[in-house]
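Here is run-v9.cif, consisting of mmCIF, C-alpha atoms:
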```cif
data_start
loop_
_atom_site.label_atom_id
_atom_site.label_comp_id
_atom_site.auth_asym_id
_atom_site.auth_seq_id
_atom_site.Cartn_x
_atom_site.Cartn_y
_atom_site.Cartn_z
CA MET H 169 29.14 84.64 28.05
CA ASN H 170 28.17 88.28 28.26
CA THR H 171 29.11 90.84 25.59
CA THR H 172 31.98 93.11 26.64
CA LEU H 173 33.83 96.07 25.22
CA THR H 174 36.99 94.96 23.43
CA PHE H 175 40.24 96.84 23.91
CA LEU H 176 40.38 97.46 20.15
CA ASP H 177 36.99 99.19 20.14
CA PHE H 178 37.97 101.23 23.17
CA LEU H 179 41.24 102.44 21.60
CA ASN H 180 39.40 103.58 18.49
CA GLN H 181 38.01 106.42 20.61
CA THR H 182 41.43 107.48 21.96
CA ASP H 183 44.78 108.76 20.75
CA TYR H 184 46.10 105.22 20.66
CA ARG H 185 45.69 102.28 18.34
CA LEU H 186 46.19 98.52 18.32
CA SER H 187 48.20 96.64 15.74
CA GLY H 188 47.10 93.34 14.25
CA LYS H 189 49.41 91.54 16.68
CA GLY H 190 48.01 93.34 19.70
CA LYS H 191 50.75 95.94 20.17
CA ILE H 192 49.77 99.37 21.52
CA PHE H 193 50.89 102.42 19.49
CA ARG H 194 50.43 106.11 20.15
CA ASN H 195 48.96 108.07 17.23
CA ASP H 196 51.69 110.71 17.04
CA PHE H 197 54.20 111.85 14.47
CA ASP H 198 56.64 109.05 15.38
CA ASP H 199 53.91 106.40 15.73
CA THR H 200 55.45 105.37 19.04
CA ARG H 201 55.10 101.75 20.09
CA LEU H 202 54.30 101.53 23.82
CA THR H 203 53.92 97.77 24.31
CA ASN H 204 54.56 94.51 22.53
CA ASN H 205 51.23 93.07 23.56
CA SER H 206 47.89 94.00 25.12
CA ILE H 207 45.01 92.71 27.22
CA THR H 208 41.30 92.58 26.37
CA ILE H 209 38.35 91.83 28.66
CA THR H 210 36.53 88.58 27.88
CA GLN H 211 33.99 88.27 30.71
CA ILE H 212 32.49 90.34 33.55
CA ASP H 213 30.79 88.65 36.51
CA LEU H 214 29.52 89.93 39.82
CA ASP H 215 31.77 88.86 42.70
CA SER H 216 30.19 90.52 45.76
CA CYS H 217 28.58 93.67 47.12
CA ARG H 218 29.82 95.77 50.04
CA GLY H 219 27.15 98.35 50.59
CA LYS H 220 27.35 100.68 47.60
CA LEU H 221 30.68 99.15 46.52
CA ILE H 222 30.30 96.39 43.92
CA ASP H 223 33.15 93.97 43.22
CA PHE H 224 33.35 92.39 39.77
CA ASP H 225 35.47 89.46 38.67
CA VAL H 226 36.82 90.68 35.32
CA SER H 227 38.38 88.01 33.11
CA TYR H 228 40.88 88.96 30.40
CA LYS H 229 43.11 87.48 27.71
CA VAL H 230 46.71 88.38 26.84
CA SER H 231 47.22 88.96 23.10
CA ASP H 232 50.62 87.36 22.49
CA THR H 233 50.47 84.32 24.81
CA GLY H 234 46.74 83.66 24.82
CA ASN H 235 46.91 83.28 28.59
CA THR H 236 43.76 84.09 30.55
CA ASP H 237 43.31 85.38 34.09
CA SER H 238 41.08 87.69 36.09
CA ILE H 239 41.21 90.49 38.65
CA ILE H 240 38.68 91.92 41.09
CA VAL H 241 37.60 95.43 40.11
CA THR H 242 35.50 97.58 42.44
CA ARG H 243 32.86 99.97 41.14
CA MET H 244 32.23 102.92 43.48
CA SER H 245 28.83 104.53 44.02
CA ASN H 246 29.94 107.51 41.86
CA GLY H 247 30.78 105.22 38.93
CA GLN H 248 34.57 105.36 39.41
CA ILE H 249 36.48 102.09 39.53
CA ASP H 250 39.53 100.85 41.38
CA SER H 251 41.37 97.63 42.04
CA THR H 252 44.07 96.37 44.36
CA GLU H 253 45.23 94.06 41.57
CA TRP H 254 46.38 96.49 38.88
CA GLU H 255 49.95 95.21 39.30
CA LYS H 256 48.77 91.68 38.58
CA LEU H 257 47.14 92.92 35.38
CA LEU H 258 50.13 95.00 34.30
CA SER H 259 52.56 92.14 34.97
CA ASN H 260 51.20 90.56 31.78
CA ILE H 261 52.18 93.59 29.68
CA ASP H 262 55.48 93.64 27.74
CA PHE H 263 56.31 97.34 28.04
CA ARG H 264 58.29 99.35 25.47
CA THR H 265 57.95 102.57 27.45
CA ALA H 266 59.42 103.50 30.81
CA ASP H 267 56.32 105.47 31.77
CA LYS H 268 54.05 102.66 32.88
CA LYS H 269 51.49 105.12 34.25
CA ILE H 270 50.36 105.87 30.70
CA ILE H 271 49.33 102.26 30.18
CA GLN H 272 47.91 101.93 33.69
CA ASN H 273 45.69 104.99 33.22
CA LEU H 274 44.69 103.70 29.79
CA TYR H 275 43.54 100.41 31.25
CA LYS H 276 41.72 102.12 34.11
CA GLN H 277 39.78 104.12 31.52
CA TYR H 278 39.14 100.93 29.52
CA PHE H 279 37.84 98.99 32.52
CA LYS H 280 35.66 101.91 33.61
CA LYS H 281 34.14 102.19 30.13
CA ALA H 282 33.61 98.42 29.91
CA LEU H 283 31.87 98.27 33.28
CA THR H 284 29.75 101.34 32.46
CA LEU H 285 28.52 99.70 29.25
CA TYR H 286 28.00 96.41 31.08
CA PHE H 287 25.73 98.14 33.61
CA LYS H 288 23.84 99.86 30.81
CA ASP H 289 23.19 96.54 29.06
CA ASN H 290 22.57 94.68 32.33
CA PRO H 291 20.55 96.97 34.61
CA ALA H 292 20.24 94.28 37.30
CA ALA H 293 23.88 93.19 37.15
CA SER H 294 24.38 93.69 40.88
CA ARG H 295 21.24 91.76 41.83
CA PHE H 296 20.27 88.09 41.79
CA THR H 297 16.61 88.77 42.58
CA GLY H 298 14.34 91.80 42.44
CA TRP H 299 12.57 94.28 40.13
CA PHE H 300 14.19 96.40 37.45
CA ASN H 301 13.17 98.40 34.40
CA ASP H 302 13.95 97.07 30.97
CA GLU H 303 12.85 97.99 27.45
CA ASN H 304 9.70 95.89 27.82
CA GLY H 305 8.59 97.46 31.10
CA VAL H 306 9.19 96.03 34.56
CA ALA H 307 10.69 92.58 35.04
CA TYR H 308 11.54 90.43 38.05
CA LEU H 309 14.66 88.35 38.46
CA PRO H 310 14.93 85.41 38.24
CA LEU H 311 11.41 84.81 36.87
CA ASP H 312 12.25 86.67 33.68
CA PRO H 313 16.01 87.27 33.31
CA PRO H 314 16.59 89.30 30.12
CA PHE H 315 20.34 88.67 29.96
CA ASN H 316 22.88 85.93 30.52
CA ASN H 317 23.91 86.47 34.13
CA PRO H 318 25.37 83.19 35.45
CA ASN H 319 24.56 84.12 39.05
CA VAL H 320 20.90 84.72 38.18
CA GLU H 321 20.82 81.43 36.29
CA LYS H 322 22.08 79.63 39.42
CA ILE H 323 19.36 81.25 41.50
CA LYS H 324 16.71 80.35 38.93
CA HIS H 325 17.53 76.66 39.35
CA ILE H 326 16.70 76.79 43.07
CA PHE H 327 13.97 79.46 42.97
CA PHE H 328 10.70 77.90 44.18
CA ASN H 329 12.65 74.68 44.73
CA GLY H 330 13.70 74.50 41.09
CA LEU H 331 10.17 73.77 39.89
CA LEU H 332 9.93 76.75 37.55
CA ASP H 333 11.90 74.91 34.86
CA SER H 334 10.10 71.58 35.27
CA ARG H 335 6.48 72.81 35.35
CA HIS H 336 4.59 74.74 32.70
CA PHE H 337 2.99 77.96 33.89
CA SER H 338 0.81 79.75 31.40
CA GLU H 339 1.66 83.35 30.54
CA SER H 340 -2.03 84.03 29.98
CA ILE H 341 -3.71 85.62 32.97
CA GLU H 342 -6.95 83.86 32.12
CA GLU H 343 -5.20 80.49 32.03
CA CYS H 344 -3.41 81.28 35.30
CA ARG H 345 -6.78 82.10 36.83
CA LYS H 346 -8.10 78.71 35.73
CA GLN H 347 -5.02 77.01 37.15
CA THR H 348 -5.50 78.64 40.54
CA GLU H 349 -9.03 77.19 40.71
CA GLY H 350 -7.39 73.83 41.41
CA PHE H 351 -5.49 75.14 44.41
CA GLN H 352 -8.26 74.80 46.98
CA ASP H 353 -5.99 72.78 49.29
CA PHE H 354 -3.42 75.57 49.15
CA PHE H 355 -5.89 78.28 50.09
CA SER H 356 -7.53 76.07 52.74
CA PHE H 357 -4.12 75.53 54.29
CA ILE H 358 -3.12 79.18 54.57
CA CYS H 359 -6.60 80.17 55.78
CA SER H 360 -6.63 77.53 58.51
CA ASN H 361 -4.77 79.76 60.95
CA PRO H 362 -4.30 83.56 61.18
CA SER H 363 -0.52 83.11 61.56
CA LEU H 364 -0.27 81.19 58.27
CA ILE H 365 -2.22 83.72 56.23
CA THR H 366 -0.15 86.53 57.80
CA MET H 367 3.04 84.72 56.83
CA PHE H 368 1.85 84.33 53.25
CA ALA H 369 0.76 87.98 53.18
CA TYR H 370 4.29 88.91 54.28
CA ALA H 371 5.66 86.88 51.37
CA LEU H 372 3.44 88.85 48.99
CA HIS H 373 4.44 92.08 50.70
CA SER H 374 8.14 91.32 50.24
CA PHE H 375 7.63 90.47 46.58
CA PHE H 376 5.67 93.58 45.59
CA PHE H 377 6.56 96.33 48.06
CA ASP H 378 9.37 97.77 45.90
CA TYR H 379 7.64 97.18 42.55
CA TYR H 380 6.52 100.78 42.30
CA SER H 381 9.48 102.57 43.92
CA HIS H 382 12.18 100.54 42.11
CA TYR H 383 14.40 100.74 45.21
CA ARG H 384 14.51 104.48 45.55
CA PRO H 385 14.99 105.47 49.22
CA PHE H 386 11.68 105.28 51.00
CA LYS H 387 10.35 108.70 52.06
CA LEU H 388 9.74 108.00 55.72
CA ASP H 389 8.76 111.59 56.51
CA ALA H 390 5.40 110.93 54.84
CA VAL H 391 4.63 108.06 57.22
CA ILE H 392 3.63 108.76 60.83
CA ASN H 393 5.11 105.44 62.00
CA PRO H 394 7.85 104.19 59.64
CA ASP H 395 7.77 100.76 61.28
CA THR H 396 4.39 100.12 59.65
CA ALA H 397 6.11 100.25 56.24
CA LEU H 398 9.52 98.65 56.86
CA PHE H 399 8.60 95.91 59.27
CA SER H 400 10.07 92.44 59.74
CA LEU H 401 8.61 89.12 60.84
CA CYS H 402 9.48 86.99 63.87
CA LEU H 403 8.20 83.41 64.13
CA HIS H 404 8.57 82.24 67.70
CA GLY H 405 7.68 79.33 69.95
CA ASP H 406 9.13 76.34 71.78
CA ASN H 407 8.93 73.95 68.82
CA ILE H 408 11.70 75.42 66.63
CA PRO H 409 11.75 72.51 64.11
CA GLU H 410 8.01 73.00 63.47
CA ILE H 411 8.47 76.77 63.10
CA LYS H 412 11.28 76.22 60.58
CA THR H 413 9.02 73.88 58.62
CA PHE H 414 6.31 76.51 58.30
CA ALA H 415 8.93 79.15 57.45
CA ASN H 416 10.27 76.93 54.66
CA ILE H 417 6.84 76.28 53.20
CA LEU H 418 5.47 79.82 53.26
CA LEU H 419 8.48 82.15 53.27
CA ASN H 420 11.33 80.36 51.53
CA PHE H 421 11.45 81.22 47.82
CA PHE H 422 14.56 79.12 47.35
CA GLN H 423 15.68 75.53 47.74
CA ILE H 424 14.11 73.29 50.38
CA ASP H 425 15.40 69.82 51.24
CA ARG H 426 12.18 67.85 50.91
CA ASN H 427 13.49 65.15 53.22
CA LYS H 428 14.35 67.70 55.91
CA TRP H 429 11.65 70.36 55.83
CA GLN H 430 12.88 71.80 59.14
CA LEU H 431 16.34 72.55 57.71
CA ILE H 432 16.98 76.19 56.75
CA LYS H 433 19.71 75.93 54.12
CA ARG H 434 22.46 78.56 54.35
CA ASN H 435 23.20 78.92 50.66
CA ILE H 436 20.83 81.90 50.70
CA HIS H 437 19.50 82.26 54.24
CA VAL H 438 21.83 83.12 57.11
CA SER H 439 22.71 82.20 60.66
CA ALA H 440 23.32 85.21 62.87
CA THR H 441 25.70 83.11 64.98
CA SER H 442 28.19 82.35 62.19
CA LEU H 443 27.53 85.31 59.90
CA SER H 444 30.70 86.45 58.14
CA SER H 445 31.11 89.89 56.60
CA ARG H 446 31.18 88.32 53.12
CA SER H 447 27.96 86.36 53.59
CA PHE H 448 26.31 89.46 55.05
CA ASP H 449 27.44 91.52 52.07
CA MET H 450 25.85 88.94 49.77
CA LEU H 451 22.48 90.00 51.18
CA TYR H 452 22.83 93.19 49.12
CA THR H 453 22.46 91.08 45.97
CA TYR H 454 18.97 89.95 46.94
CA ALA H 455 15.90 92.17 46.83
CA SER H 456 12.15 91.68 47.15
CA VAL H 457 12.43 88.28 48.84
CA PRO H 458 12.13 87.05 52.41
CA ILE H 459 15.42 85.94 53.98
CA ILE H 460 15.19 83.57 56.95
CA ILE H 461 17.55 84.37 59.82
CA THR H 462 18.35 81.83 62.52
CA SER H 463 20.80 81.67 65.43
CA LYS H 464 22.43 78.92 67.44
CA THR H 465 20.49 79.67 70.62
CA ASN H 466 17.31 80.96 68.93
CA ARG H 467 17.39 83.87 71.38
CA LEU H 468 17.64 87.02 69.31
CA THR H 469 16.58 90.25 71.01
CA LYS H 470 15.81 93.82 70.02
CA GLY H 471 19.45 94.67 70.78
CA SER H 472 20.95 91.94 68.58
CA SER H 473 23.41 93.51 66.16
CA ILE H 474 21.98 91.84 63.05
CA ILE H 475 18.46 93.12 63.81
CA LYS H 476 19.64 96.69 64.38
CA LYS H 477 21.93 96.63 61.34
CA LEU H 478 19.36 95.23 58.92
CA HIS H 479 16.67 97.64 60.05
CA HIS H 480 19.03 100.60 59.66
CA LEU H 481 20.09 99.48 56.15
CA ARG H 482 16.47 98.98 55.08
CA GLU H 483 15.41 102.31 56.54
CA SER H 484 18.26 104.12 54.75
CA GLY H 485 17.40 102.48 51.40
CA LYS H 486 20.55 100.35 51.16
CA ASN H 487 19.11 96.88 51.65
CA PHE H 488 15.85 95.47 50.29
CA ILE H 489 15.47 92.01 51.79
CA PHE H 490 12.59 91.14 54.12
CA PRO H 491 13.91 89.45 57.30
CA VAL H 492 12.16 86.51 58.92
CA TYR H 493 13.61 85.78 62.37
CA ILE H 494 13.26 82.33 63.98
CA ASN H 495 13.21 82.62 67.77
CA THR H 496 11.99 81.01 70.98
CA ALA H 497 10.54 84.28 72.30
CA PRO H 498 8.97 87.30 70.61
CA ILE H 499 11.35 90.10 69.65
CA LEU H 500 9.96 93.19 71.34
CA ALA H 501 10.72 95.84 68.73
CA ASP H 502 8.26 98.25 67.12
CA GLU H 503 9.32 97.23 63.62
CA ILE H 504 8.83 93.48 64.15
CA VAL H 505 5.56 91.54 63.86
CA ASN H 506 5.58 88.47 66.12
CA LEU H 507 3.69 85.31 65.18
CA ILE H 508 3.25 81.89 66.79
CA PRO H 509 2.74 79.37 63.94
CA SER H 510 1.82 76.49 66.25
CA ASN H 511 -1.20 74.24 66.47
CA CYS H 512 -1.69 74.73 62.73
CA LEU H 513 -3.15 72.09 60.47
CA PHE H 514 -0.19 70.25 58.94
CA GLN H 515 -0.99 67.10 57.03
CA MET H 516 1.13 66.96 53.91
CA THR H 517 2.64 64.14 51.91
CA LEU H 518 5.60 64.72 49.58
CA ASP H 519 3.26 65.00 46.56
CA ILE H 520 1.03 67.53 48.31
CA PHE H 521 4.09 69.50 49.36
CA THR H 522 5.47 69.55 45.79
CA ASN H 523 2.11 70.67 44.40
CA PHE H 524 1.89 73.27 47.11
CA ILE H 525 5.23 74.83 46.10
CA CYS H 526 4.07 74.76 42.48
CA SER H 527 0.88 76.47 43.58
CA VAL H 528 2.85 79.25 45.24
CA ALA H 529 5.04 79.62 42.15
CA ALA H 530 2.01 79.80 39.86
CA PHE H 531 0.32 82.31 42.14
CA PHE H 532 3.36 84.59 42.09
CA ILE H 533 3.73 84.30 38.33
CA PHE H 534 0.04 85.13 37.97
CA LEU H 535 0.51 88.32 40.01
CA PHE H 536 3.79 89.09 38.24
CA ASN H 537 2.14 88.87 34.80
CA PHE H 538 -0.78 90.95 36.04
CA CYS H 539 1.64 93.71 37.10
CA ASN H 540 3.31 93.64 33.69
CA LEU H 541 -0.02 94.40 32.05
CA LEU H 542 -0.12 97.66 34.01
CA SER H 543 2.97 99.14 32.31
CA PRO H 544 0.97 101.49 30.02
CA MET H 545 -1.14 102.74 32.93
CA THR H 546 -0.42 105.80 34.96
CA SER H 547 1.79 105.69 38.05
CA ILE H 548 -1.19 106.48 40.27
CA ILE H 549 -3.09 103.42 39.06
CA LYS H 550 0.01 101.28 39.55
CA LEU H 551 0.45 102.51 43.08
CA THR H 552 -3.21 101.91 43.85
CA MET H 553 -3.00 98.33 42.61
CA ILE H 554 0.16 97.52 44.56
CA THR H 555 -1.30 99.05 47.70
CA TYR H 556 -4.42 96.93 47.25
CA ILE H 557 -2.35 93.76 46.85
#
```
What's the structure tokens form of this structure?
Amino acid sequence: MNTTLTFLDFLNQTDYRLSGKGKIFRNDFDDTRLTNNSITITQIDLDSCRGKLIDFDVSYKVSDTGNTDSIIVTRMSNGQIDSTEWEKLLSNIDFRTADKKIIQNLYKQYFKKALTLYFKDNPAASRFTGWFNDENGVAYLPLDPPFNNPNVEKIKHIFFNGLLDSRHFSESIEECRKQTEGFQDFFSFICSNPSLITMFAYALHSFFFDYYSHYRPFKLDAVINPDTALFSLCLHGDNIPEIKTFANILLNFFQIDRNKWQLIKRNIHVSATSLSSRSFDMLYTYASVPIIITSKTNRLTKGSSIIKKLHHLRESGKNFIFPVYINTAPILADEIVNLIPSNCLFQMTLDIFTNFICSVAAFFIFLFNFCNLLSPMTSIIKLTMITYI
């Protein structure tokens, strides 16, 4: 459970106070009692993102009855908050004053303060994956979550097929280097075909591209062709099941059904055919990861709405995923790199596959730890290193 601002602590900074039984009083000459009870926040969890609007599920407890409930509170891009469920919250209050707006405004201020402090303590509260600054430098969720975010914990269990918790990966760069010496099969596999090594390079690109900028809007005016910076990947061909298998192995950071390698699970990845507004909005909570996008007919084109929308959101600095489109034909758009991952060497048993995923995880952790060592260096050196990678 995350630490939240109590209503008592909030009132200590106002002209009101709370009695031992949870009643709200105004600090005036008459010591006016405004309510017979009160509400305090017990838990704050991310519900969903809608562009720059972030919805939180805020749980609370009623002082006199002990009843618990929650409402959805929206945080605007300017830091203001609002909710369509204030009446639900206020229905739990036993008023002693006819002017309910006083209490409503008081609780709006309380919720705003609580969410502001929550964001301060949890800088990546609106993200399940991605880079952020913390007191120790730069960290990546969910490899190194510095706080108890239940959504991040859920993602950690399926990140790299859930093998991060079951395998030991050394934090020492030297030890990681020694570990990677045993991954000859892994490197032989990705180097066996130009499409495979390009796919893996795209995975690295998605992981590290925003490490230096920390999701500030990309300055496209400094790039002659912006599509060379914010490009996407299209894997195409007639054998869609085989393409999905390669996409899972090289570009899926999340859960893979080992008995159905050709299945792209929709708990993270999306189908453009059945994409709801809510599932699309959930894409805002992921950053610095590839997201695999399929469709029922596997016939996406340059004019497909999801392709145009995602490219616009990435270009405007509002979305930071790295799309991977599965298609029968190449998508003829300047910002899309088309690959045909066919006729590639594919001879893997379940054990080799499991070790392969562990190899990828170890390789990423090795690079992640290497980046953390660069925190004391200058920004120019950081940028040079990321560009090199």
>> Since I can't run it myself right now, could you work out what the PyMOL selection byres ((chain H and resi 214) around 9) selects here and report it as a VMD selection string?
In response: chain H and resid 212 to 213 215 to 217 222 to 226 293 to 295 317 319
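Closest approach to Phe354 (chain H) from the set H:Ile459, H:Leu418, H:Ala369, H:Ile533 is made by H:Leu418, with distances taken over all atoms listed in the file.
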>> Taking the file as I've supplied it (selection: the PyMOL selection byres ((chain H and resi 299) around 8)), which residues are included? Please answer as a list in words.
In response: Thr297, Gly298, Phe300, Asn301, Val306, Ala307, Tyr308, Leu309, Asp378, Tyr379, His382, Ala455 and Ser456 of chain H
>> When the PyMOL selection byres ((chain H and resi 191) around 9) is applied to the structure above, which residues does it catch, written out as an MDAnalysis selection string?
In response: chainID H and resid 185:190 192:193 201:206 231:232
> Counting only C-alpha atoms, which residues come within 12 Å of (16.8, 71.3, 52.1), with the point read in the file's coordinates, and could you list them as a PyMOL selection string?
Replying inline: chain H and resi 326+328-330+412-413+416-417+420+422-437
> Quick one: distance from CA of Leu535 (chain H) to CA of Val457 (chain H) in Å, one decimal?
Replying inline: 14.8 Å
